[in-house]
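K.L.:
So here's upload.cif (mmCIF, C-alpha atoms).
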```cif
data_protein
#
loop_
_atom_site.label_atom_id
_atom_site.label_comp_id
_atom_site.auth_asym_id
_atom_site.auth_seq_id
_atom_site.Cartn_x
_atom_site.Cartn_y
_atom_site.Cartn_z
CA MET A 11 42.22 -46.92 10.20
CA PRO A 12 40.00 -50.00 9.64
CA LEU A 13 37.09 -49.41 7.26
CA LYS A 14 34.56 -50.14 10.02
CA ASP A 15 36.04 -47.46 12.30
CA PHE A 16 36.22 -45.02 9.41
CA GLU A 17 32.53 -45.52 8.60
CA GLU A 18 31.56 -45.06 12.25
CA ASN A 19 33.18 -41.61 12.14
CA MET A 20 31.16 -40.60 9.08
CA PHE A 21 27.57 -39.52 8.60
CA LEU A 22 26.25 -41.94 5.99
CA PRO A 23 22.46 -41.77 5.62
CA ASP A 24 20.74 -44.97 4.52
CA LYS A 25 18.30 -42.80 2.55
CA GLU A 26 18.12 -39.11 1.73
CA ILE A 27 15.79 -36.64 0.05
CA PHE A 28 17.87 -33.63 -0.96
CA ILE A 29 15.80 -30.39 -0.72
CA ASN A 30 17.97 -27.27 -0.31
CA LYS A 31 15.11 -24.76 -0.59
CA ILE A 32 14.68 -21.39 1.14
CA VAL A 33 11.29 -20.67 2.74
CA ARG A 34 10.21 -17.56 4.65
CA ILE A 35 8.95 -18.44 8.14
CA LYS A 36 8.21 -15.82 10.83
CA GLU A 37 10.20 -13.18 8.94
CA VAL A 38 13.21 -15.52 8.80
CA ASP A 39 14.73 -17.21 5.71
CA VAL A 40 14.88 -20.91 6.59
CA ASN A 41 16.88 -23.33 4.45
CA LEU A 42 15.21 -26.75 4.30
CA ILE A 43 18.35 -28.85 3.78
CA SER A 44 17.31 -32.48 3.42
CA ILE A 45 15.48 -35.45 4.91
CA THR A 46 17.75 -38.29 6.03
CA LEU A 47 17.29 -41.79 7.39
CA GLU A 48 20.22 -42.96 9.49
CA LYS A 49 20.25 -45.53 12.31
CA HIS A 50 16.43 -45.77 12.27
CA ARG A 51 16.05 -41.98 12.77
CA THR A 52 14.36 -39.92 10.08
CA ILE A 53 15.30 -36.24 10.32
CA LEU A 54 14.29 -33.12 8.44
CA TRP A 55 17.30 -30.80 8.61
CA ALA A 56 16.90 -27.01 8.46
CA MET A 57 19.16 -24.03 8.99
CA TYR A 58 18.59 -20.30 9.49
CA LYS A 59 20.39 -17.17 10.61
CA LEU A 60 19.26 -15.32 13.72
CA PRO A 61 17.89 -11.85 12.94
CA CYS A 62 20.01 -10.34 15.71
CA TYR A 63 23.30 -11.44 17.26
CA SER A 64 23.06 -12.76 20.80
CA ASP A 65 26.04 -14.11 22.76
CA GLU A 66 24.76 -16.30 25.58
CA ARG A 67 28.28 -17.12 26.74
CA LYS A 68 29.24 -13.63 27.91
CA ASP A 69 30.62 -13.49 31.42
CA LYS A 70 28.17 -12.11 33.96
CA GLU A 71 30.51 -9.18 34.57
CA GLU A 72 30.14 -8.17 30.92
CA ARG A 73 26.37 -8.29 30.97
CA ARG A 74 24.33 -5.15 31.23
CA GLU A 75 23.62 -3.70 34.68
CA TYR A 76 19.87 -3.30 34.88
CA THR A 77 18.48 -0.27 36.68
CA SER A 78 15.15 -1.96 37.43
CA ASN A 79 13.29 -5.26 37.20
CA ARG A 80 11.18 -3.64 34.48
CA ASP A 81 14.30 -2.98 32.42
CA LYS A 82 15.50 -6.56 32.90
CA ILE A 83 12.15 -8.18 32.04
CA ILE A 84 11.76 -6.11 28.87
CA ASN A 85 15.35 -6.76 27.77
CA ASP A 86 15.06 -10.52 28.43
CA SER A 87 11.84 -10.56 26.43
CA ASN A 88 13.49 -8.76 23.51
CA GLU A 89 16.35 -11.27 23.52
CA LYS A 90 13.91 -14.18 23.33
CA MET A 91 12.11 -12.52 20.42
CA ASN A 92 15.44 -12.48 18.57
CA PHE A 93 15.55 -16.28 18.80
CA PRO A 94 12.51 -17.35 16.74
CA ASN A 95 10.93 -20.74 17.41
CA ILE A 96 10.64 -22.36 13.97
CA ASN A 97 8.43 -25.26 15.05
CA ILE A 98 7.42 -27.34 12.02
CA SER A 99 4.88 -30.02 12.95
CA GLU A 100 4.37 -31.59 9.50
CA ILE A 101 5.78 -31.61 6.00
CA ILE A 102 3.83 -32.91 3.00
CA ILE A 103 6.15 -33.72 0.12
CA GLN A 104 4.66 -35.06 -3.13
CA LYS A 105 1.42 -35.61 -1.16
CA GLN A 106 3.17 -37.80 1.44
CA LYS A 107 2.91 -36.56 5.03
CA MET A 108 5.64 -36.67 7.65
CA THR A 109 4.76 -35.79 11.25
CA PHE A 110 7.50 -34.62 13.62
CA SER A 111 7.47 -35.77 17.24
CA SER A 112 10.20 -33.38 18.40
CA HIS A 113 12.66 -30.77 17.25
CA THR A 114 16.06 -29.64 18.50
CA SER A 115 17.66 -26.26 17.74
CA ILE A 116 21.42 -25.92 18.18
CA ARG A 117 23.76 -23.03 17.46
CA MET A 118 26.28 -23.98 14.81
CA SER A 119 29.12 -23.09 17.20
CA ASN A 120 27.96 -25.92 19.50
CA TRP A 121 26.84 -28.16 16.64
CA LYS A 122 30.32 -28.00 15.08
CA ASP A 123 31.77 -29.66 18.18
CA GLU A 124 28.97 -32.13 18.91
CA ARG A 125 27.83 -33.11 15.42
CA ASP A 126 30.95 -32.69 13.28
CA LYS A 127 30.07 -35.76 11.16
CA GLU A 128 26.81 -34.22 9.95
CA LEU A 129 28.45 -30.80 9.54
CA GLU A 130 31.16 -32.22 7.30
CA TYR A 131 28.56 -34.12 5.28
CA PHE A 132 26.47 -31.01 4.52
CA MET A 133 29.63 -29.04 3.76
CA GLU A 134 30.53 -31.61 1.12
CA LYS A 135 27.02 -31.23 -0.30
CA GLY A 136 27.74 -27.52 -0.68
CA ILE A 137 24.79 -26.50 1.50
CA ILE A 138 26.88 -25.08 4.33
CA LYS A 139 29.73 -22.72 3.46
CA THR A 140 33.21 -24.17 3.68
CA ASN A 141 34.85 -20.76 4.19
CA TRP A 142 34.55 -20.49 7.96
CA ASP A 143 35.81 -16.88 7.90
CA GLU A 144 32.43 -15.96 6.41
CA VAL A 145 30.33 -17.91 8.93
CA ASP A 146 29.15 -16.37 12.20
CA PHE A 147 28.77 -19.54 14.28
CA GLU A 148 26.83 -17.79 17.06
CA ASN A 149 24.26 -16.53 14.58
CA ILE A 150 23.52 -19.75 12.66
CA ILE A 151 20.97 -22.24 13.98
CA ILE A 152 20.69 -25.87 12.86
CA VAL A 153 17.34 -27.59 13.52
CA GLU A 154 16.56 -31.31 13.54
CA TYR A 155 12.91 -32.34 13.18
CA GLU A 156 12.52 -36.03 14.07
CA GLN A 157 9.78 -38.02 12.38
CA LYS A 158 7.42 -40.15 14.47
CA ASP A 159 8.63 -43.74 14.83
CA SER A 160 5.30 -45.10 13.60
CA GLU A 161 5.68 -43.43 10.17
CA GLU A 162 7.61 -44.70 7.17
CA PHE A 163 10.31 -42.83 5.29
CA PRO A 164 8.55 -41.18 2.30
CA VAL A 165 8.99 -42.64 -1.18
CA ILE A 166 9.80 -39.70 -3.44
CA ASP A 167 10.18 -39.50 -7.22
CA LEU A 168 13.24 -37.25 -7.59
CA SER A 169 12.58 -36.85 -11.31
CA LYS A 170 9.46 -34.84 -10.44
CA LYS A 171 9.02 -31.49 -8.74
CA LEU A 172 9.25 -31.56 -4.93
CA ASP A 173 5.85 -30.08 -4.09
CA ILE A 174 6.19 -29.17 -0.40
CA ILE A 175 3.65 -27.96 2.17
CA LEU A 176 4.70 -27.13 5.74
CA LYS A 177 2.50 -26.94 8.82
CA LEU A 178 3.72 -24.83 11.77
CA ARG A 179 2.50 -25.57 15.30
CA SER A 180 0.39 -22.97 17.05
CA ASP A 181 2.31 -20.87 19.55
CA SER A 182 2.11 -17.52 21.31
CA ASN A 183 3.58 -14.12 20.64
CA LYS A 184 4.55 -11.76 23.47
CA VAL A 185 3.45 -8.13 23.07
CA SER A 186 4.63 -5.26 25.29
CA ILE A 187 1.95 -3.00 26.79
CA ASN A 188 3.19 -0.96 29.82
CA GLN A 189 -0.15 0.27 31.21
CA SER A 190 -0.58 1.48 34.82
CA ILE A 191 -3.63 0.62 36.97
CA SER A 192 -4.36 1.28 40.67
CA MET A 193 -6.27 -1.56 42.33
CA LYS A 194 -7.98 -1.99 45.70
CA PHE A 195 -8.84 -5.33 47.28
CA SER A 196 -12.44 -5.93 46.29
CA GLU A 197 -14.72 -7.90 43.99
CA MET A 198 -15.73 -5.91 40.94
CA GLY A 199 -19.13 -5.93 39.33
CA LYS A 200 -19.81 -7.21 35.84
CA GLY A 201 -18.49 -4.96 33.08
CA ASN A 202 -15.40 -3.60 34.87
CA LYS A 203 -13.82 -2.92 31.47
CA PHE A 204 -10.28 -1.85 30.52
CA TYR A 205 -8.50 -1.40 27.20
CA PHE A 206 -4.98 -1.70 25.90
CA TYR A 207 -3.50 -1.00 22.50
CA ASP A 208 -1.68 -3.68 20.52
CA SER A 209 0.99 -1.91 18.47
CA ILE A 210 1.84 -5.05 16.47
CA ASN A 211 -1.64 -5.84 15.17
CA ILE A 212 -2.73 -2.16 15.35
CA LYS A 213 -5.75 -3.03 17.45
CA LYS A 214 -7.44 -2.11 20.72
CA HIS A 215 -8.18 -5.05 23.04
CA ILE A 216 -10.69 -5.30 25.90
CA PHE A 217 -10.08 -6.98 29.25
CA TYR A 218 -12.01 -7.12 32.52
CA ILE A 219 -10.73 -7.18 36.09
CA ASP A 220 -13.10 -9.23 38.26
CA LYS A 221 -11.38 -8.88 41.63
CA MET A 222 -8.18 -8.48 43.59
CA TYR A 223 -8.07 -10.70 46.64
CA HIS A 224 -5.95 -12.27 49.41
CA TYR A 225 -4.77 -15.81 48.85
CA ASP A 226 -3.46 -17.71 51.89
CA VAL A 227 -1.08 -19.99 50.01
CA TRP A 228 0.52 -21.28 53.24
CA GLU A 229 -2.81 -22.52 54.55
CA GLU A 230 -3.25 -24.51 51.35
CA VAL A 231 0.28 -25.91 51.64
CA ASN A 232 -0.32 -27.04 55.21
CA ASN A 233 -3.69 -28.60 54.38
CA THR A 234 -3.27 -30.22 50.97
CA LEU A 235 0.35 -30.29 49.72
CA GLU A 236 1.30 -33.66 51.20
CA TYR A 237 -1.96 -35.25 50.02
CA GLU A 238 -1.45 -33.95 46.47
CA LEU A 239 2.13 -35.20 46.39
CA MET A 240 1.03 -38.65 47.61
CA ARG A 241 -1.16 -38.95 44.52
CA VAL A 242 1.75 -38.61 42.07
CA LEU A 243 4.97 -39.56 43.91
CA PRO A 244 6.41 -42.64 45.66
CA LYS A 245 6.40 -42.34 49.45
CA ASP A 246 10.20 -41.99 49.69
CA GLN A 247 10.19 -38.91 47.42
CA ILE A 248 7.39 -36.96 49.09
CA GLU A 249 9.39 -35.35 51.89
CA GLN A 250 12.19 -34.17 49.58
CA MET A 251 9.72 -32.72 47.07
CA LYS A 252 7.81 -31.01 49.87
CA GLU A 253 11.00 -29.36 51.14
CA GLU A 254 11.91 -28.18 47.63
CA TYR A 255 8.44 -26.76 47.08
CA ILE A 256 8.49 -24.89 50.40
CA THR A 257 11.95 -23.46 49.62
CA VAL A 258 10.64 -21.99 46.35
CA LEU A 259 7.47 -20.74 48.01
CA GLU A 260 9.37 -18.90 50.76
CA LYS A 261 11.13 -16.84 48.08
CA ILE A 262 7.80 -15.87 46.55
CA CYS A 263 5.70 -15.43 49.68
CA PRO A 264 7.37 -15.33 53.14
CA LYS A 265 5.62 -17.29 55.88
CA GLY A 266 2.96 -15.27 57.67
CA MET A 267 1.99 -13.35 54.53
CA ASN A 268 -0.65 -13.77 51.83
CA LEU A 269 -0.41 -13.32 48.08
CA ALA A 270 -2.27 -10.49 46.39
CA MET A 271 -3.96 -12.09 43.38
CA LEU A 272 -5.71 -10.48 40.40
CA GLU A 273 -8.51 -12.28 38.56
CA TYR A 274 -9.21 -11.11 35.02
CA GLU A 275 -10.79 -12.00 31.64
CA THR A 276 -9.99 -11.04 28.06
CA GLU A 277 -12.34 -11.01 25.09
CA ASP A 278 -9.58 -12.37 22.83
CA ASP A 279 -8.54 -15.24 25.15
CA MET A 280 -5.12 -13.75 25.90
CA GLN A 281 -2.86 -14.28 28.90
CA LEU A 282 -1.94 -10.97 30.54
CA LYS A 283 1.11 -10.35 32.73
CA PHE A 284 0.66 -7.92 35.64
CA TYR A 285 3.34 -6.82 38.13
CA SER A 286 3.32 -4.46 41.07
CA LYS A 287 4.88 -1.11 40.19
CA GLU A 288 6.96 -1.43 43.35
CA TYR A 289 8.59 -4.62 42.08
CA LEU A 290 9.17 -3.25 38.58
CA ASP A 291 10.89 -0.12 39.94
CA GLU A 292 13.27 -2.10 42.18
CA ARG A 293 16.78 -3.02 41.13
CA PRO A 294 17.14 -6.74 40.33
CA ALA A 295 18.50 -8.73 43.23
CA HIS A 296 22.02 -10.00 42.58
CA ASN A 297 22.85 -13.70 42.79
CA SER A 298 19.20 -14.68 43.02
CA SER A 299 17.65 -17.38 40.86
CA ALA A 300 14.17 -16.88 39.46
CA SER A 301 11.39 -18.61 41.42
CA ILE A 302 8.23 -19.32 39.45
CA MET A 303 4.88 -20.74 40.49
CA PHE A 304 1.76 -21.14 38.38
CA PHE A 305 -1.75 -20.41 39.61
CA LYS A 306 -5.13 -21.29 38.19
CA SER A 307 -8.51 -19.68 38.69
CA ASP A 308 -11.00 -21.68 40.76
CA ARG A 309 -13.72 -21.07 38.17
CA GLU A 310 -13.83 -21.67 34.42
CA LEU A 311 -15.62 -18.46 33.37
CA GLY A 312 -15.42 -14.99 34.86
CA SER A 313 -18.24 -12.55 35.59
CA ASN A 314 -18.36 -11.43 31.95
CA GLY A 315 -18.52 -14.90 30.40
CA PHE A 316 -14.90 -15.20 29.24
CA LYS A 317 -12.18 -17.57 30.46
CA SER A 318 -11.12 -16.68 34.00
CA ARG A 319 -7.40 -16.28 34.67
CA VAL A 320 -5.39 -15.20 37.70
CA CYS A 321 -2.06 -13.42 38.08
CA MET A 322 0.05 -13.16 41.24
CA ILE A 323 0.87 -9.52 42.09
CA LYS A 324 2.96 -9.49 45.30
CA PRO A 325 3.11 -10.80 48.90
CA VAL A 326 1.17 -8.65 51.39
CA GLU A 327 0.45 -8.61 55.11
CA LYS A 328 -2.64 -10.60 56.03
CA ASP A 329 -4.52 -7.48 57.15
CA PHE A 330 -3.46 -5.29 54.21
CA ASP A 331 -6.45 -3.62 52.55
CA GLY A 332 -4.90 -0.70 50.71
CA ILE A 333 -4.36 0.19 47.07
CA ILE A 334 -1.64 -1.45 44.95
CA ASP A 335 -0.24 0.26 41.88
CA ILE A 336 0.17 -2.38 39.21
CA GLU A 337 1.31 -2.43 35.60
CA LEU A 338 0.02 -4.51 32.75
CA LEU A 339 3.44 -5.09 31.24
CA SER A 340 2.73 -7.57 28.44
CA CYS A 341 0.37 -10.14 26.99
CA PHE A 342 0.68 -13.43 25.15
CA MET A 343 -1.35 -13.70 21.95
CA LYS A 344 -2.04 -17.07 20.42
CA ARG A 345 -0.79 -17.73 16.92
CA PRO A 346 -2.88 -20.30 15.06
CA GLU A 347 -1.38 -23.14 13.05
CA GLU A 348 0.12 -21.88 9.83
CA ILE A 349 0.28 -23.58 6.42
CA ILE A 350 3.13 -22.62 4.08
CA THR A 351 3.48 -23.78 0.49
CA VAL A 352 7.11 -23.95 -0.66
#
```
Any chance you could put this one into C-alpha cells?
P.N.:
Amino acid sequence: MPLKDFEENMFLPDKEIFINKIVRIKEVDVNLISITLEKHRTILWAMYKLPCYSDERKDKEERREYTSNRDKIINDSNEKMNFPNINISEIIIQKQKMTFSSHTSIRMSNWKDERDKELEYFMEKGIIKTNWDEVDFENIIIVEYEQKDSEEFPVIDLSKKLDIILKLRSDSNKVSINQSISMKFSEMGKGNKFYFYDSINIKKHIFYIDKMYHYDVWEEVNNTLEYELMRVLPKDQIEQMKEEYITVLEKICPKGMNLAMLEYETEDDMQLKFYSKEYLDERPAHNSSASIMFFKSDRELGSNGFKSRVCMIKPVEKDFDGIIDIELLSCFMKRPEEIITV
C-alpha cells in the first residue's frame, strides 16, 4: 500500500493534549480522553458507560407489550433517563478556555464500524481496552465535543499539572408525579392552588390552574396557516407543508372537534405534563407514529403572576361542557449550569 493511502486510513492528529482523567458527571464516571486537532477540527474526546443496559436494536416483536399508554410513557421516560446527556459547553485547561459548538454521542458498537481509525488510535494509547471480550459495546458511549471554529487550539505546558474546569450546559430533569385531578371547563379565580410532591428533591411544589377551555384549532388553521407559512417558506413549498401539517393535526384533533386545553402556572417555573385519564388507561395503538404539536399561551403571565403555560388534554366535541379526569403525570425541572473542577 502506498504511504499516502496508508496515512489516509489512519487517525493522525496534528496536535494532541493527552488527558485520560475520570470525572463524575450526573452520577456517571466520564473519562476525558484527549483533545485532538485533525483536519482543522478540534475535538474533546470523552467516554462513559451507561448506568443501565439498553438495546435499541431489538425487534419490535421482542419489545414489551404495554397494557396502557401510561405504562408506555413511564417506561419510555425511564429508558431516556438511563441515557444521560453529558453536555459539556466549555473546558478551561491551564486557564485557557475552549468553547464547544456541538457534541455527538455514539455507542461504541456503532462507533467501531464508523470510526475505526480513531478507535484503533485510542486502543494503542491504552485508553480503550483491547480485550473486546470484556467490552460491552452497547453500554459504552463515545462523545465528541467540537470546538468553535473561531477559537484556537490551546497551548498547553505538558510539564505542568493539567488544571481543568468543566462547564455543563443547563438542561432539564424529568420527574414523575402521577396525580389525579378532575377539571370542568371554566376560568378559575386567582389562587386556584394545587400541590405535588417531588420525590427526587424531597420538596412540595405549588402550581395553579387558571382555566380549562375549548380551542378551535381548525378555525386557526383555516384563517392563518397559509399566511404564516408564506412568511417563512418559498411559494412552491407552501402547499406541501400545509398538507403535511394538516395530516399531523388530523391525528391529534379530528375535523369538527376542538381541543381541550389547560392553562397553568408554577411558582418554580416548571413545565408540567397533563394527560386525560382516558388516554392514559387506553392500550397504545399499534403501528401508529407519534404526532406532536406545541402550543403557547396567549399571555405572558397568568392570574397569579407566574409564567403562563398551556397543555393540550384531548379532542372534544364543540359543545362538550362536562368534567374531564386528568393526571399530572410528570414535570420538567430546570438544571442550572454546573461547574466541575477536575
K.L.:
Using all atoms listed in the file, pick whichever of A:Ile35, A:Ile102, A:Leu54, A:Met271 has the shortest atom-to-atom distance to Phe304 (chain A).
P.N.:
A:Met271
K.L.:
Carefully work through the PyMOL selection byres ((chain A and resi 207-215) around 12) for this structure and note down the residues it includes, as a list in words.
P.N.:
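Going through the file, the PyMOL selection byres ((chain A and resi 207-215) around 12) ends up selecting Asn183, Lys184, Val185, Ser186, Ile187, Asn188, Gln189, Lys203, Phe204, Tyr205, Phe206, Ile216, Phe217, Tyr218, Glu275, Thr276, Glu277, Asp278, Asp279, Met280, Leu282, Leu338, Leu339, Ser340, Cys341, Phe342 and Met343 of chain A.
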K.L.:
Which one of A:Asp173, A:Glu236, A:Glu327, A:Glu292 sits closest to Tyr76 (chain A) if you count only C-alpha atoms?
P.N.:
A:Glu292
K.L.:
Applied to the shown file, which residues does the PyMOL selection byres ((chain A and resi 162) around 12) return, written as a CSV table (one decimal) with C-alpha atoms, in the coordinates of the input?
P.N.:
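File written: selection_29.csv
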```
chain,number,residue,atom,x,y,z
A,25,LYS,CA,18.3,-42.8,2.6
A,47,LEU,CA,17.3,-41.8,7.4
A,50,HIS,CA,16.4,-45.8,12.3
A,51,ARG,CA,16.0,-42.0,12.8
A,52,THR,CA,14.4,-39.9,10.1
A,53,ILE,CA,15.3,-36.2,10.3
A,106,GLN,CA,3.2,-37.8,1.4
A,107,LYS,CA,2.9,-36.6,5.0
A,108,MET,CA,5.6,-36.7,7.6
A,109,THR,CA,4.8,-35.8,11.2
A,110,PHE,CA,7.5,-34.6,13.6
A,157,GLN,CA,9.8,-38.0,12.4
A,158,LYS,CA,7.4,-40.2,14.5
A,159,ASP,CA,8.6,-43.7,14.8
A,160,SER,CA,5.3,-45.1,13.6
A,161,GLU,CA,5.7,-43.4,10.2
A,163,PHE,CA,10.3,-42.8,5.3
A,164,PRO,CA,8.6,-41.2,2.3
A,165,VAL,CA,9.0,-42.6,-1.2
A,166,ILE,CA,9.8,-39.7,-3.4
```
K.L.:
I need the residue nearest Ser190 (chain A) from this list: A:Val38, A:Glu26, A:Glu288, A:Ile32. Use only C-alpha atoms for the distance.
P.N.:
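Ranking A:Val38, A:Glu26, A:Glu288, A:Ile32 by distance to Ser190 (chain A), first place goes to A:Glu288.
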K.L.:
I'd like the residues picked by the PyMOL selection byres ((chain A and resi 81-98) around 8) written out as number ranges by chain, using the chain letters and numbers from the file.
P.N.:
A: 35-36, 60-62, 64, 76-80, 99-101, 110, 113, 155, 176-179, 184, 294
K.L.:
Between CA of Tyr289 (chain A) and CA of Ser196 (chain A), what is the distance in Å, rounded to a tenth?
P.N.:
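So the answer is 21.5 Å.
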K.L.:
How many Å separate CA of Val326 (chain A) from CA of Asp308 (chain A)?
P.N.:
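Separating CA of Val326 (chain A) from CA of Asp308 (chain A) is a distance of 20.8 Å.
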K.L.:
For a cut-off of 10 Å around (0.9, -14.5, 48.6), file coordinates, pick out all residues using only C-alpha atoms and list them as JSON, numbers by chain.
P.N.:
{"A": [223, 224, 225, 226, 227, 228, 259, 260, 262, 263, 264, 265, 266, 267, 268, 269, 270, 271, 322, 323, 324, 325, 326, 327, 328]}
